[in-house]
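In what follows, a structure is listed as structure tokens, so that the remarks can point back to it.
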Amino acid sequence: MTPLLTVDNLRVTFPRATGPSTPVDGVSFSIDRGERVALVGESGSGKSLTCLALLRLIPHPGVIAAGSSIRLDGTDVMTLEGEALRAIRGGRIGLVFQDPMTSLNPVLTVGYQVQEAVTAHRSMSRAEARDRTVALLEEVGIPDPADRAGAYPHQLSGGLRQRIMIAIALAGEPDLLVADEPTTALDVTIQAQILELLDRIRTRRNMAVLLITHDLGVVAGRTDRVMVMYAGQLIETAPTPRLFAAPAHPYTQALLQSMPRLTGPLNRLASIGGSVPEPTAWPSGCRFHPRCARRIGPCAAEVPPWREAGPAQEGRCWLIEGQAP
Amino acid sequence: MIGSLRGTVATAWHNPSGRAGIVVLGALLTFALVGPAFLPDPTRIPSLGQGAAAPSLTHWLGTDHFGRDLMARLATGARISLAIAMIAVALSLSIGTAVGLVAGSLGGGVDRVLMRLVDAALAVPRLFILLLLLAVWERIPIAALVAVIGATGWFGTSRLVRGEVLRLKNDGYIQAARALGAGRARTIFRHLLPNVAGVILVSATLSMGDVILLEAGLSYLGVGVQPPTPSWGVMVFDARNSFATAPWTLFFPGALVVITVLATSLVSDALRAAFDPRSA
Amino acid sequence: MTSGALLEVADLVKHFPQGGGLFRSPRVVHALNGLSLTVAPKETLALVGESGSGKTTAGRALLRLLDPDAGTVRFDGVDVLAADRKTLKGLRRRMQIVFQDPYGSLDPRMTVGASVAEGIEIHRLAQGPEIRARVERLLGEVGLEPAAADKYPHQFSGGQRQRIGIARALAVDPEFVVLDEPVSALDVSVQAQVLNLLLDLQRDRGLSYLFIAHDLAVVRQMAHRIAVMYYGRIVEQGSRDDVLERPRHPYTRALLSAVPEPDPETQRVRIVLPGDPPSPTTPPPGCPFASRCYHSARDRRCDTERPELRSVGATLVACHHAETA
């Protein structure tokens, strides 16, 4: 079966006075139909730009570099223009952003905004559009949907606003839902609601989900596969249980060790020294080498190859002994 | 921040458009300060009924309809217009900033009273207030004109500054300063003032143009600078009857007003950027 | 009330008028509805709650950065809320705060050295070149180079800026520091560094902390005692282990179960709370948690009578049915 989405050698560049910076630098991955994939990284890792690139929404003056390839179900997204591109945005790929307050228009009712998304990709009668809107609001768990459709964004709580955003993303009946830090701005008890909702919708619609997050905790038990991003590149990908049980890359290992936990022995946290590098000055060789505790000979100078580290597990590190996949 | 004033100007100088603005303003000031010494008496009318002469070798920018040398009038006019504008703007900015800072940082009743007064003042057209005040004087001294323009120009600035202060007041560093035991004066002068400087500069640019044009308008109505003393405004309105036949009488003073306003805005943009260490 | 407490807060109330105008009376936001707590010398009390629980207001009110409507705050026996200007200035040398947002909490127009020196100047703790020496010593203590003093905040990463904020607070040699979500804006890999630094400083300087947080896993790392806030009051309070391992209040349990753990192996029962906390402008007559409560013994009393904080088992709990599991 061909994957739903294939990204190959994706590079995003921004012109700078001091020469171009490349916040996303050679990212390749694929997502199958109905698969739940997480893209995990810290701020500045390039994870959000990667997801915007899927919809060709890179903010000015950034560009997707030549040689990057994005294919959705066989269609070359890079060559699409106009109507065909709009059919992807909010159509075949739905997008949910981090901040539901700034992503909704404050002067329009939430019902209007959902309905706008419903009619954007499909022509239908007003009554039909309204029924469809109410059905969507119901699907995302808005209480009294017909009533709440008349509310303005500021009249709803953060959790309800995020549900509206999800309804808008679902309006185009997407094959892939991209959720960029959908729960970061929310409280933990509300976060639990939203994650559960996303799970339920995915199962019912059998769509693929790409969850972008900085929090490995959110990923556990909710995704099939995790991709870890650092300094503009993927550095490891593995089935979720495998990633937690036997992370291959020293960055993933350190990240897991530095996370405070609720259970288990209470020790001083292992921390990663230094800070996340800037896209204007990626380190040479392996980009993690200046902060890596397990650095060896070639790390500073030579870029490690992408290699197989275990069953369905691949990574970019000189310590990984496996074959090229 | 005060200590780095020279550094701030140096940074503004490194910005190309800032440098252009500084050069133009410098040239205008030099023209105003040095020009009159080398040019004919701007108020002397050579002989009646001579009419306006086009630019020539004797009168580089031509003469007005009284036959007075236009360049000489522009130079003396620059002294008067620029002096009025700068002093009046400085006055209104100081009052506006002080009121805005006090209202914003004290809040409560003080803020409510001050802002209601400002709202009331803003509701009355400035020209109307000015005309009312100026009607009292027969021939108004320039110092009084400056004071009156300055005293009626700070309402908008005070609103802008207050808004900015309210926005900044809950920022962590203002709270941190309070938590460290900083008094009101320290909070205002060390933290609030430098951080509202950008807004004040924008306000200064806008008022500069306003004041030059306002002075022109008042002079036209006969309540501003009194003829035969030239100001750019007086000259623009002197040209009202002759500009069809002698367009240079309108063009040169008009162009100087526009150039001054533009140059001020370039300099203030550059200064605003230079004040902000993040843009370095 | 524990004798020998450094900080004693009793029945703190703070209501904010919100909205309103010339012809409309403002609504009232009930941020603190009678908060009581104590912090012993060299102890960390964690104040845990979600947004709107009043935890941030509590931190500011007990430092008198905003004026509470009622209640008392005593620091080392001195009445903070009644203190005159001179006494208050003296107290501010002894009680400090570190803010959440590492970007907004430093004056962008002041060098780092000037920011750190501010407290030293205000309290005249040093003169002339001795100020600079102290600033450099403080920067060293939080793990920064002396040269950092001459740079501006924007030249530092989030983690480094948080270290600067800590150095500024420590400049006046305080005994007690309010840590207002000090790591929640930081990347995971940097979070551990800052938590470890705070623990080291507490050990070396004998500091007392009020650690305001929403993340229970982080709190477990830091706290000796934990107080859980909901709707402007404490609903459960006790030692770290008692609260985390034997929680009695249904809200504490839900909060614990909602913490995303980076470990797919721990099969925990996830309690997903329905809805949102009650609106802060319309306090419910009974238990504020009743609208979301899933407790099997929940009855009419919960809707009519507000439960007081009382001792049940090892912790203090504000629940009518704390005895029934």
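Order determines the names: the first chain of the structure tokens is A, the second B, and so forth; residues in each chain are numbered 1 upward, and ligands are numbered 1 upward as they are shown.
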
Q) Excluding same-chain residues fewer than 6 positions from range 75-77 of chain B, what lies within 9 Å of it counting only C-alpha atoms, as a VMD selection string? A) chain B and resid 28 31 to 36 39 42 229 to 235 253

Q. Please, which residues of chain C lie no more than 10 Å from chain B when the count uses only C-alpha atoms, and can they be set out as number ranges by chain?
A. C: 60, 63-66, 85-86, 88-111, 115, 118-123, 151-155, 165, 168-169, 171-172

Restricted to N, CA and C atoms, what would the selected residues look like written as a compact mmCIF listing (two decimals), in the first residue's frame?
```txt
# COMPACT_ATOMS: atom_id res chain seq x y z
N ARG C 60 1.22 36.99 44.16
CA ARG C 60 1.39 38.45 44.11
C ARG C 60 0.80 39.12 45.34
N LEU C 63 2.98 39.06 48.44
CA LEU C 63 4.11 39.98 48.35
C LEU C 63 3.64 41.43 48.31
N ARG C 64 2.34 41.59 48.36
CA ARG C 64 1.70 42.91 48.27
C ARG C 64 2.01 43.61 46.95
N LEU C 65 2.18 42.81 45.88
CA LEU C 65 2.27 43.41 44.55
C LEU C 65 0.89 43.80 44.10
N LEU C 66 -0.12 43.21 44.70
CA LEU C 66 -1.47 43.72 44.57
C LEU C 66 -2.10 43.63 45.95
N ARG C 85 5.59 52.13 54.53
CA ARG C 85 6.49 52.14 53.40
C ARG C 85 7.88 51.60 53.75
N LYS C 86 8.38 52.05 54.91
CA LYS C 86 9.75 51.69 55.29
C LYS C 86 9.84 50.19 55.64
N LEU C 88 7.84 47.91 54.61
CA LEU C 88 7.60 47.13 53.40
C LEU C 88 8.89 47.01 52.58
N LYS C 89 9.63 48.12 52.49
CA LYS C 89 10.88 48.08 51.73
C LYS C 89 11.83 47.06 52.36
N GLY C 90 11.86 47.05 53.68
CA GLY C 90 12.70 46.07 54.38
C GLY C 90 12.25 44.64 54.08
N LEU C 91 10.92 44.45 54.06
CA LEU C 91 10.39 43.11 53.76
C LEU C 91 10.75 42.67 52.35
N ARG C 92 10.76 43.62 51.43
CA ARG C 92 11.01 43.28 50.03
C ARG C 92 12.44 42.81 49.81
N ARG C 93 13.33 43.18 50.74
CA ARG C 93 14.68 42.63 50.66
C ARG C 93 14.66 41.15 51.05
N ARG C 94 13.69 40.78 51.86
CA ARG C 94 13.70 39.41 52.38
C ARG C 94 12.78 38.47 51.61
N MET C 95 11.80 39.04 50.88
CA MET C 95 10.86 38.20 50.12
C MET C 95 11.00 38.55 48.64
N GLN C 96 11.25 37.59 47.81
CA GLN C 96 11.45 37.87 46.40
C GLN C 96 10.56 37.01 45.51
N ILE C 97 10.61 37.29 44.21
CA ILE C 97 9.77 36.54 43.28
C ILE C 97 10.52 36.29 41.97
N VAL C 98 10.31 35.13 41.39
CA VAL C 98 10.80 34.81 40.05
C VAL C 98 9.58 34.53 39.19
N PHE C 99 9.54 35.17 38.00
CA PHE C 99 8.33 35.09 37.18
C PHE C 99 8.39 33.98 36.15
N GLN C 100 7.20 33.67 35.63
CA GLN C 100 7.09 32.60 34.64
C GLN C 100 7.73 32.96 33.30
N ASP C 101 7.38 34.12 32.79
CA ASP C 101 7.71 34.45 31.42
C ASP C 101 9.14 34.98 31.33
N PRO C 102 10.07 34.19 30.81
CA PRO C 102 11.46 34.67 30.77
C PRO C 102 11.64 35.79 29.75
N TYR C 103 10.62 36.06 28.92
CA TYR C 103 10.77 37.14 27.94
C TYR C 103 10.25 38.45 28.46
N GLY C 104 9.14 38.44 29.19
CA GLY C 104 8.58 39.69 29.67
C GLY C 104 9.14 40.14 31.00
N SER C 105 9.91 39.28 31.68
CA SER C 105 10.25 39.63 33.05
C SER C 105 11.57 40.37 33.18
N LEU C 106 12.24 40.62 32.06
CA LEU C 106 13.47 41.43 32.13
C LEU C 106 13.27 42.68 31.27
N ASP C 107 13.70 43.83 31.79
CA ASP C 107 13.55 45.08 31.05
C ASP C 107 14.40 45.00 29.79
N PRO C 108 13.75 45.04 28.60
CA PRO C 108 14.51 44.87 27.35
C PRO C 108 15.53 45.97 27.12
N ARG C 109 15.37 47.10 27.79
CA ARG C 109 16.28 48.22 27.54
C ARG C 109 17.37 48.35 28.58
N MET C 110 17.46 47.38 29.49
CA MET C 110 18.53 47.44 30.48
C MET C 110 19.47 46.27 30.27
N THR C 111 20.78 46.51 30.48
CA THR C 111 21.70 45.38 30.39
C THR C 111 21.38 44.41 31.52
N SER C 115 20.02 45.05 35.40
CA SER C 115 18.84 44.39 35.98
C SER C 115 19.19 43.69 37.28
N GLU C 118 19.85 46.05 40.21
CA GLU C 118 18.79 46.94 40.65
C GLU C 118 18.50 46.82 42.15
N GLY C 119 18.35 45.59 42.61
CA GLY C 119 18.05 45.39 44.03
C GLY C 119 19.19 45.85 44.92
N ILE C 120 20.42 45.64 44.46
CA ILE C 120 21.60 46.05 45.24
C ILE C 120 21.60 47.57 45.39
N GLU C 121 21.24 48.28 44.31
CA GLU C 121 21.20 49.74 44.36
C GLU C 121 20.06 50.23 45.26
N ILE C 122 18.89 49.63 45.09
CA ILE C 122 17.73 50.09 45.85
C ILE C 122 17.99 49.98 47.34
N HIS C 123 18.59 48.87 47.75
CA HIS C 123 18.80 48.65 49.18
C HIS C 123 20.20 49.02 49.63
N LYS C 151 25.51 42.32 28.33
CA LYS C 151 24.62 42.05 27.20
C LYS C 151 23.18 42.42 27.57
N TYR C 152 22.32 42.38 26.54
CA TYR C 152 20.91 42.66 26.74
C TYR C 152 20.11 41.35 26.77
N PRO C 153 18.95 41.37 27.43
CA PRO C 153 18.17 40.14 27.59
C PRO C 153 17.90 39.38 26.29
N HIS C 154 17.65 40.12 25.18
CA HIS C 154 17.28 39.41 23.96
C HIS C 154 18.41 38.56 23.40
N GLN C 155 19.61 38.76 23.94
CA GLN C 155 20.73 37.97 23.44
C GLN C 155 20.83 36.60 24.13
N GLY C 165 16.76 36.09 35.78
CA GLY C 165 15.67 36.46 36.69
C GLY C 165 15.92 35.95 38.10
N ARG C 168 18.62 38.10 39.72
CA ARG C 168 18.07 39.39 40.15
C ARG C 168 17.35 39.27 41.48
N ALA C 169 16.59 38.18 41.64
CA ALA C 169 15.88 37.97 42.89
C ALA C 169 16.85 37.71 44.04
N ALA C 171 19.83 38.82 44.38
CA ALA C 171 20.78 39.92 44.61
C ALA C 171 20.60 40.57 45.97
N VAL C 172 19.37 40.51 46.52
CA VAL C 172 19.13 41.16 47.80
C VAL C 172 19.20 40.17 48.96
```

Sorted by chain and rising residue number, which residues of chain A lie within 9 Å of chain C, and what are their closest atom pairs and distances in Å to one decimal, counting only C-alpha atoms, as JSON lines?
```
{"residue": "A:Glu42", "atom": "CA", "partner": "C:Asp187", "partner_atom": "CA", "distance": 5.9}
{"residue": "A:Ser43", "atom": "CA", "partner": "C:Asp187", "partner_atom": "CA", "distance": 6.8}
{"residue": "A:Ser157", "atom": "CA", "partner": "C:Asp276", "partner_atom": "CA", "distance": 7.4}
{"residue": "A:Gly159", "atom": "CA", "partner": "C:Asp276", "partner_atom": "CA", "distance": 7.8}
{"residue": "A:Leu160", "atom": "CA", "partner": "C:Gly275", "partner_atom": "CA", "distance": 8.8}
{"residue": "A:Leu186", "atom": "CA", "partner": "C:Ser51", "partner_atom": "CA", "distance": 8.5}
{"residue": "A:Asp187", "atom": "CA", "partner": "C:Glu50", "partner_atom": "CA", "distance": 5.8}
{"residue": "A:Val188", "atom": "CA", "partner": "C:Ala258", "partner_atom": "CA", "distance": 6.0}
{"residue": "A:Thr189", "atom": "CA", "partner": "C:Ala258", "partner_atom": "CA", "distance": 5.8}
{"residue": "A:Ile190", "atom": "CA", "partner": "C:Asp276", "partner_atom": "CA", "distance": 7.6}
{"residue": "A:Gln191", "atom": "CA", "partner": "C:Ala258", "partner_atom": "CA", "distance": 7.9}
{"residue": "A:Ala192", "atom": "CA", "partner": "C:Ala258", "partner_atom": "CA", "distance": 5.8}
{"residue": "A:Gln193", "atom": "CA", "partner": "C:Val272", "partner_atom": "CA", "distance": 6.0}
{"residue": "A:Glu196", "atom": "CA", "partner": "C:Val272", "partner_atom": "CA", "distance": 8.2}
{"residue": "A:His214", "atom": "CA", "partner": "C:Asp187", "partner_atom": "CA", "distance": 7.7}
{"residue": "A:Asp215", "atom": "CA", "partner": "C:Val188", "partner_atom": "CA", "distance": 7.8}
{"residue": "A:Leu216", "atom": "CA", "partner": "C:Pro262", "partner_atom": "CA", "distance": 5.6}
{"residue": "A:Gly217", "atom": "CA", "partner": "C:Pro262", "partner_atom": "CA", "distance": 3.9}
{"residue": "A:Val218", "atom": "CA", "partner": "C:Pro260", "partner_atom": "CA", "distance": 5.3}
{"residue": "A:Val219", "atom": "CA", "partner": "C:Pro262", "partner_atom": "CA", "distance": 7.5}
{"residue": "A:Ala220", "atom": "CA", "partner": "C:Pro264", "partner_atom": "CA", "distance": 5.2}
{"residue": "A:Gly221", "atom": "CA", "partner": "C:Pro264", "partner_atom": "CA", "distance": 5.2}
{"residue": "A:Arg222", "atom": "CA", "partner": "C:Pro264", "partner_atom": "CA", "distance": 8.9}
{"residue": "A:Thr240", "atom": "CA", "partner": "C:Pro264", "partner_atom": "CA", "distance": 8.2}
{"residue": "A:Pro241", "atom": "CA", "partner": "C:Pro264", "partner_atom": "CA", "distance": 6.3}
{"residue": "A:Phe244", "atom": "CA", "partner": "C:Asp263", "partner_atom": "CA", "distance": 6.3}
{"residue": "A:Ala245", "atom": "CA", "partner": "C:Asp263", "partner_atom": "CA", "distance": 8.2}
{"residue": "A:Ala254", "atom": "CA", "partner": "C:Ser189", "partner_atom": "CA", "distance": 7.9}
{"residue": "A:Leu255", "atom": "CA", "partner": "C:Ser189", "partner_atom": "CA", "distance": 6.0}
{"residue": "A:Leu256", "atom": "CA", "partner": "C:Pro262", "partner_atom": "CA", "distance": 7.4}
{"residue": "A:Ser258", "atom": "CA", "partner": "C:Ala192", "partner_atom": "CA", "distance": 5.8}
{"residue": "A:Met259", "atom": "CA", "partner": "C:Val188", "partner_atom": "CA", "distance": 6.6}
{"residue": "A:Pro260", "atom": "CA", "partner": "C:Ala217", "partner_atom": "CA", "distance": 5.3}
{"residue": "A:Arg261", "atom": "CA", "partner": "C:Ala217", "partner_atom": "CA", "distance": 4.8}
{"residue": "A:Leu262", "atom": "CA", "partner": "C:Ala217", "partner_atom": "CA", "distance": 4.8}
{"residue": "A:Thr263", "atom": "CA", "partner": "C:Ala217", "partner_atom": "CA", "distance": 8.4}
{"residue": "A:Leu266", "atom": "CA", "partner": "C:Gln221", "partner_atom": "CA", "distance": 7.1}
{"residue": "A:Asn267", "atom": "CA", "partner": "C:Gln221", "partner_atom": "CA", "distance": 8.0}
{"residue": "A:Arg268", "atom": "CA", "partner": "C:Asn196", "partner_atom": "CA", "distance": 7.2}
{"residue": "A:Leu269", "atom": "CA", "partner": "C:Ala192", "partner_atom": "CA", "distance": 5.9}
{"residue": "A:Ala270", "atom": "CA", "partner": "C:Ala192", "partner_atom": "CA", "distance": 6.9}
{"residue": "A:Ser271", "atom": "CA", "partner": "C:Ala192", "partner_atom": "CA", "distance": 5.1}
{"residue": "A:Ile272", "atom": "CA", "partner": "C:Ser189", "partner_atom": "CA", "distance": 5.5}
{"residue": "A:Gly273", "atom": "CA", "partner": "C:Gln193", "partner_atom": "CA", "distance": 7.4}
{"residue": "A:Gly274", "atom": "CA", "partner": "C:Val190", "partner_atom": "CA", "distance": 7.9}
{"residue": "A:Ser275", "atom": "CA", "partner": "C:Val190", "partner_atom": "CA", "distance": 6.9}
{"residue": "A:Val276", "atom": "CA", "partner": "C:Ser157", "partner_atom": "CA", "distance": 8.3}
```

Q: Give me, please, the distance in Å between CA of Arg161 in chain C and CA of Asp180 in chain C, quoted to one decimal.
A: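 Result for CA of Arg161 in chain C versus CA of Asp180 in chain C: 14.7 Å, one decimal.
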
**Q.** Picked from range 37-206 of chain C by DSSP as helix (DSSP H, G or I), as a PyMOL selection string
**A.** chain C and resi 55-62+85-94+112-122+129-141+146-150+153-155+158-170+188-205

Q. Ala246 in chain B: which residues within 10 Å, counting only C-alpha atoms, same-chain residues fewer than 3 positions away excluded, as a PyMOL selection string?
A. chain B and resi 51-55+62-65+239+241-243+249-251

Using N, CA and C atoms, can you write the selected residues to a file as a PDB file, in the first residue's frame?
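Below is the file again-v6.pdb, written as the result:
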```pdb
ATOM      1  N   GLY B  51       6.435  93.580  -8.320  1.00  0.00           N
ATOM      2  CA  GLY B  51       5.909  92.242  -8.625  1.00  0.00           C
ATOM      3  C   GLY B  51       6.946  91.173  -8.383  1.00  0.00           C
ATOM      4  N   ALA B  52       6.472  89.904  -8.503  1.00  0.00           N
ATOM      5  CA  ALA B  52       7.330  88.755  -8.227  1.00  0.00           C
ATOM      6  C   ALA B  52       8.255  88.475  -9.393  1.00  0.00           C
ATOM      7  N   ALA B  53       9.555  88.171  -9.061  1.00  0.00           N
ATOM      8  CA  ALA B  53      10.522  87.838 -10.097  1.00  0.00           C
ATOM      9  C   ALA B  53      10.882  86.371  -9.999  1.00  0.00           C
ATOM     10  N   ALA B  54      11.040  85.749 -11.181  1.00  0.00           N
ATOM     11  CA  ALA B  54      11.381  84.324 -11.207  1.00  0.00           C
ATOM     12  C   ALA B  54      12.810  84.128 -10.710  1.00  0.00           C
ATOM     13  N   PRO B  55      13.162  82.861 -10.297  1.00  0.00           N
ATOM     14  CA  PRO B  55      14.539  82.596  -9.864  1.00  0.00           C
ATOM     15  C   PRO B  55      15.544  83.078 -10.906  1.00  0.00           C
ATOM     16  N   GLY B  62      14.137  83.445  -6.593  1.00  0.00           N
ATOM     17  CA  GLY B  62      13.157  84.427  -7.036  1.00  0.00           C
ATOM     18  C   GLY B  62      12.738  85.359  -5.903  1.00  0.00           C
ATOM     19  N   THR B  63      11.736  86.200  -6.166  1.00  0.00           N
ATOM     20  CA  THR B  63      11.212  87.113  -5.151  1.00  0.00           C
ATOM     21  C   THR B  63       9.715  86.931  -5.042  1.00  0.00           C
ATOM     22  N   ASP B  64       9.143  87.443  -3.940  1.00  0.00           N
ATOM     23  CA  ASP B  64       7.685  87.364  -3.816  1.00  0.00           C
ATOM     24  C   ASP B  64       7.049  88.601  -4.459  1.00  0.00           C
ATOM     25  N   HIS B  65       5.743  88.736  -4.314  1.00  0.00           N
ATOM     26  CA  HIS B  65       5.069  89.792  -5.061  1.00  0.00           C
ATOM     27  C   HIS B  65       5.405  91.191  -4.551  1.00  0.00           C
ATOM     28  N   ALA B 239       1.499  83.585  -0.598  1.00  0.00           N
ATOM     29  CA  ALA B 239       1.574  83.216  -2.009  1.00  0.00           C
ATOM     30  C   ALA B 239       0.211  82.927  -2.599  1.00  0.00           C
ATOM     31  N   ASN B 241      -2.266  84.628  -3.595  1.00  0.00           N
ATOM     32  CA  ASN B 241      -2.762  85.392  -4.735  1.00  0.00           C
ATOM     33  C   ASN B 241      -1.835  85.311  -5.938  1.00  0.00           C
ATOM     34  N   SER B 242      -0.551  84.995  -5.670  1.00  0.00           N
ATOM     35  CA  SER B 242       0.411  85.102  -6.762  1.00  0.00           C
ATOM     36  C   SER B 242       0.841  83.755  -7.325  1.00  0.00           C
ATOM     37  N   PHE B 243       0.374  82.648  -6.711  1.00  0.00           N
ATOM     38  CA  PHE B 243       1.006  81.395  -7.120  1.00  0.00           C
ATOM     39  C   PHE B 243       0.640  80.970  -8.529  1.00  0.00           C
ATOM     40  N   THR B 249       6.710  81.073  -5.515  1.00  0.00           N
ATOM     41  CA  THR B 249       6.422  81.685  -4.209  1.00  0.00           C
ATOM     42  C   THR B 249       5.693  80.708  -3.290  1.00  0.00           C
ATOM     43  N   LEU B 250       4.973  79.770  -3.904  1.00  0.00           N
ATOM     44  CA  LEU B 250       4.292  78.753  -3.106  1.00  0.00           C
ATOM     45  C   LEU B 250       5.155  77.504  -2.981  1.00  0.00           C
ATOM     46  N   PHE B 251       5.832  77.166  -4.095  1.00  0.00           N
ATOM     47  CA  PHE B 251       6.535  75.891  -4.149  1.00  0.00           C
ATOM     48  C   PHE B 251       7.630  75.786  -3.081  1.00  0.00           C
TER      49      PHE B 251
END
```

Q. Can you tell me how far CA of Leu108 in chain A sits from CA of Arg92 in chain A, in Å to one decimal?
A.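 Computing it gives 24.8 Å between the two atoms.
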